[in-house]
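Some notes on the structure that comes next.
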Amino acid sequence: MSLLTKVVDRLSDPGSLALYLSSKEGAEEDFWRKEILKYEQWLTGEIPVLYKTPSPAPEEVVAAPNRRDAAVLTWHRKHQERKYLRDLDLPPDAFAGMKLLDVGAGPMPSATCFSGAQIYCLEPLLNRYLTAGFPIHYYPTVTYVHATSERIPIEDGFFDAAISVNAIDHVNDIGQTADEIRRVLKPGGKLRLHVHYHPPTRCEPIHLDDARVAALFAWCPGLRKISQTQENYSHSIGGNESFAVWSNFS
């Protein structure tokens, strides 16, 4: 039974289904369920290039019990890990020996690109990603924290470093999110944010710009914008949209 069938079973009428899919969480789940299908087509070469990444050669395919898992695991290794390194403009050892929080990690622990770090992935939609079929159980060294960024169930000053890649514009309360990152980050801890500047959308309701980011994270000594572009590892954008990287370290 497909996820969409389960949704239909759970909801009583087409109007309820439409309302579900129009919600922020429902739209996110529906998007990622469709992404898995793309990954499978990319794995087999039916989609030769996906988000600027060519289909894998046979020797690049990650072995797994089924095609879906192989597709997601291969995409994670060949695209997502490289995307994090490129978009954050960091080397793999940037957080070696540190406890690292990835805020809004999504359905794959892309921060595994950082060697020697204890990785914690904060993700409020973890249950939805599991239902959609993402094989998160293949990453035993990663700790997933199933919670919102507005209420992180972690003690004060626990993390040595925090990152976020194109995610803080998805939250419900950006002010509370910034305050929580401050709370769980050690004084003087490392912070690096890859931020999408854009008009509000259903899944990305937060409008950010230089002034707002600077004000929200004014508590972080040394934080500054280090780059801004209309391209990231996956996409090229235009108009009044751009990607900015903010950091308190080089």
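Residues in the structure tokens are named by chain (A, B, ... in the order shown) and by number from 1 within that chain; ligands are numbered from 1 in the order shown.
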
Can you pull out every residue from stretch 86-176 of chain A that DSSP, working from the backbone, puts in strand (DSSP E), and format the result as a list of chain:residue names? A:Lys99, A:Leu100, A:Leu101, A:Asp102, A:Val103, A:Gln118, A:Ile119, A:Tyr120, A:Cys121, A:Leu122, A:Thr143, A:Tyr144, A:Val145, A:Phe159, A:Asp160, A:Ala161, A:Ala162, A:Ile163, A:Ser164, A:Val165

Restricting the calculation to only C-alpha atoms: of A:Pro187, A:Pro109, A:Pro221, A:Gly104, which residue gets closest to A:Ala167? A:Gly104

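Shortest separation to A:Phe114 among A:Cys203, A:Ala162, A:Ala96, A:Ala71 occurs at residue A:Ala96, atoms counted being only C-alpha atoms.
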
Do a neighbour search on stretch 172-178 of chain A at 9 Å with only C-alpha atoms, toss out local chain neighbours closer than 3 positions, and write the hits as an mmCIF file with N, CA and C atoms, in the first residue's frame.
```cif
data_model
loop_
_atom_site.group_PDB
_atom_site.id
_atom_site.type_symbol
_atom_site.label_atom_id
_atom_site.label_comp_id
_atom_site.auth_asym_id
_atom_site.auth_seq_id
_atom_site.Cartn_x
_atom_site.Cartn_y
_atom_site.Cartn_z
ATOM 1 N N THR A 148 11.072 19.685 17.286
ATOM 2 C CA THR A 148 11.099 20.937 16.536
ATOM 3 C C THR A 148 12.289 21.783 16.977
ATOM 4 N N SER A 149 12.667 22.710 16.126
ATOM 5 C CA SER A 149 13.767 23.622 16.461
ATOM 6 C C SER A 149 13.341 24.657 17.499
ATOM 7 N N GLU A 150 12.036 24.776 17.716
ATOM 8 C CA GLU A 150 11.546 25.720 18.725
ATOM 9 C C GLU A 150 11.637 25.155 20.143
ATOM 10 N N ARG A 151 11.744 23.817 20.241
ATOM 11 C CA ARG A 151 11.871 23.170 21.557
ATOM 12 C C ARG A 151 12.804 21.970 21.407
ATOM 13 N N ILE A 152 14.085 22.208 21.544
ATOM 14 C CA ILE A 152 15.086 21.163 21.368
ATOM 15 C C ILE A 152 15.290 20.439 22.704
ATOM 16 N N ILE A 168 16.395 26.749 7.964
ATOM 17 C CA ILE A 168 15.771 27.584 8.993
ATOM 18 C C ILE A 168 14.610 28.415 8.446
ATOM 19 N N ASP A 169 14.479 28.478 7.115
ATOM 20 C CA ASP A 169 13.322 29.161 6.537
ATOM 21 C C ASP A 169 12.083 28.266 6.538
ATOM 22 N N ILE A 181 18.890 27.525 19.445
ATOM 23 C CA ILE A 181 20.251 27.233 18.987
ATOM 24 C C ILE A 181 21.257 27.869 19.946
ATOM 25 N N ARG A 182 20.987 29.079 20.364
ATOM 26 C CA ARG A 182 21.862 29.750 21.338
ATOM 27 C C ARG A 182 21.946 28.948 22.636
ATOM 28 N N ARG A 183 20.813 28.450 23.102
ATOM 29 C CA ARG A 183 20.771 27.734 24.385
ATOM 30 C C ARG A 183 21.583 26.447 24.359
ATOM 31 N N PRO A 205 8.011 29.194 4.879
ATOM 32 C CA PRO A 205 7.226 30.400 5.168
ATOM 33 C C PRO A 205 8.022 31.578 5.708
ATOM 34 N N ILE A 206 9.306 31.380 6.005
ATOM 35 C CA ILE A 206 10.088 32.443 6.651
ATOM 36 C C ILE A 206 10.864 33.247 5.615
ATOM 37 N N LEU A 216 18.554 38.249 14.367
ATOM 38 C CA LEU A 216 18.169 37.008 15.034
ATOM 39 C C LEU A 216 19.335 36.345 15.743
ATOM 40 N N PHE A 217 20.525 36.436 15.139
ATOM 41 C CA PHE A 217 21.695 35.752 15.684
ATOM 42 C C PHE A 217 22.734 36.745 16.217
#
```

Could you pull out the alpha helix (DSSP H) residues of stretch 31-149 of chain A, going by DSSP on the backbone, and write them as a PyMOL selection string? chain A and resi 31-44+67-75+81-88+126-132

Excluding A:Leu185 and residues on its chain fewer than 3 positions from it, collect all residues at most 8 Å away from it, counting only C-alpha atoms, and give them as a ChimeraX atom specification. /A:156-162,181-182,189

Nearest to A:Asp30: which of A:Ala132, A:Ser242, A:Thr201, A:Val142 is it, counting only C-alpha atoms? A:Ala132

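Summary of the local environment: counting only C-alpha atoms, residues at most 7 Å from A:Tyr129, other than itself and those fewer than 5 positions away along its chain, are A:Glu29, A:Pro107, A:Phe134.
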
Can you write out the residues you just picked, keeping C-alpha atoms, as a tab-separated table (two decimals), in the first residue's frame?
```tsv
chain	number	residue	atom	x	y	z
A	29	GLU	CA	5.91	14.64	3.22
A	107	PRO	CA	15.38	12.65	5.65
A	134	PHE	CA	13.59	6.72	3.93
```

For the contact check between stretch 56-145 of chain A and stretch 225-230 of chain A, emit one row per residue of stretch 56-145 of chain A within 12 Å, containing the shortest atom pair and the distance in Å rounded to one decimal, counting only C-alpha atoms, chain then rising number order, as a Markdown table.
```
| residue | atom | partner | partner_atom | distance |
| --- | --- | --- | --- | --- |
| A:Asp87 | CA | A:Ser227 | CA | 10.1 |
| A:Leu88 | CA | A:Ser227 | CA | 9.8 |
| A:Asp89 | CA | A:Ser227 | CA | 9.5 |
```

File dump, residues just selected, N, CA and C atoms, as an mmCIF file, in the first residue's frame:
```
data_model
loop_
_atom_site.group_PDB
_atom_site.id
_atom_site.type_symbol
_atom_site.label_atom_id
_atom_site.label_comp_id
_atom_site.auth_asym_id
_atom_site.auth_seq_id
_atom_site.Cartn_x
_atom_site.Cartn_y
_atom_site.Cartn_z
ATOM 1 N N ASP A 87 28.100 23.588 -0.082
ATOM 2 C CA ASP A 87 27.255 24.720 0.296
ATOM 3 C C ASP A 87 27.763 25.424 1.552
ATOM 4 N N LEU A 88 28.303 24.657 2.493
ATOM 5 C CA LEU A 88 28.845 25.266 3.706
ATOM 6 C C LEU A 88 30.297 25.717 3.524
ATOM 7 N N ASP A 89 30.914 25.299 2.406
ATOM 8 C CA ASP A 89 32.297 25.670 2.083
ATOM 9 C C ASP A 89 33.232 25.300 3.231
#
```

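The spacing separating atom CA of A:Ser164 from atom CA of A:Lys78 amounts to 19.6 Å.
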
Test item: residues at most 12 Å from A:Leu125, only C-alpha atoms, excluding those fewer than 2 positions along its chain, as a PDB file with C-alpha atoms, in the first residue's frame:
```pdb
ATOM      1  CA  LYS A  24       2.976  22.576   5.536  1.00  0.00           C
ATOM      2  CA  GLU A  25       3.771  19.148   6.970  1.00  0.00           C
ATOM      3  CA  GLY A  26       1.663  17.263   4.429  1.00  0.00           C
ATOM      4  CA  ALA A  27       3.273  19.107   1.547  1.00  0.00           C
ATOM      5  CA  GLU A  28       6.761  18.331   2.885  1.00  0.00           C
ATOM      6  CA  GLU A  29       5.913  14.636   3.217  1.00  0.00           C
ATOM      7  CA  ASP A  30       4.416  14.506  -0.265  1.00  0.00           C
ATOM      8  CA  TRP A  32       9.943  13.786  -0.203  1.00  0.00           C
ATOM      9  CA  GLY A 104      16.558  20.683  10.059  1.00  0.00           C
ATOM     10  CA  ALA A 105      18.565  17.729   8.786  1.00  0.00           C
ATOM     11  CA  GLY A 106      15.795  16.317   6.592  1.00  0.00           C
ATOM     12  CA  PRO A 107      15.384  12.646   5.646  1.00  0.00           C
ATOM     13  CA  MET A 108      19.116  11.900   5.284  1.00  0.00           C
ATOM     14  CA  CYS A 121      20.261  15.478  13.384  1.00  0.00           C
ATOM     15  CA  LEU A 122      17.339  17.594  14.576  1.00  0.00           C
ATOM     16  CA  GLU A 123      14.253  16.842  12.495  1.00  0.00           C
ATOM     17  CA  ASN A 127       8.164  10.054  11.552  1.00  0.00           C
ATOM     18  CA  ARG A 128       6.871  11.261   8.180  1.00  0.00           C
ATOM     19  CA  TYR A 129      10.169  10.464   6.463  1.00  0.00           C
ATOM     20  CA  LEU A 130      10.148   6.979   7.920  1.00  0.00           C
ATOM     21  CA  THR A 131       6.592   6.486   6.674  1.00  0.00           C
ATOM     22  CA  ALA A 132       7.635   7.758   3.242  1.00  0.00           C
ATOM     23  CA  PHE A 134      13.594   6.724   3.932  1.00  0.00           C
ATOM     24  CA  TYR A 144      18.325  11.634  15.251  1.00  0.00           C
ATOM     25  CA  VAL A 145      16.448  14.033  17.532  1.00  0.00           C
ATOM     26  CA  HIS A 146      12.746  13.939  16.669  1.00  0.00           C
ATOM     27  CA  ALA A 147      11.718  17.423  17.767  1.00  0.00           C
ATOM     28  CA  THR A 148      11.099  20.937  16.536  1.00  0.00           C
ATOM     29  CA  SER A 149      13.767  23.622  16.461  1.00  0.00           C
ATOM     30  CA  HIS A 170      11.104  26.064   7.018  1.00  0.00           C
ATOM     31  CA  VAL A 171      10.500  26.561  10.750  1.00  0.00           C
TER      32      VAL A 171
END
```
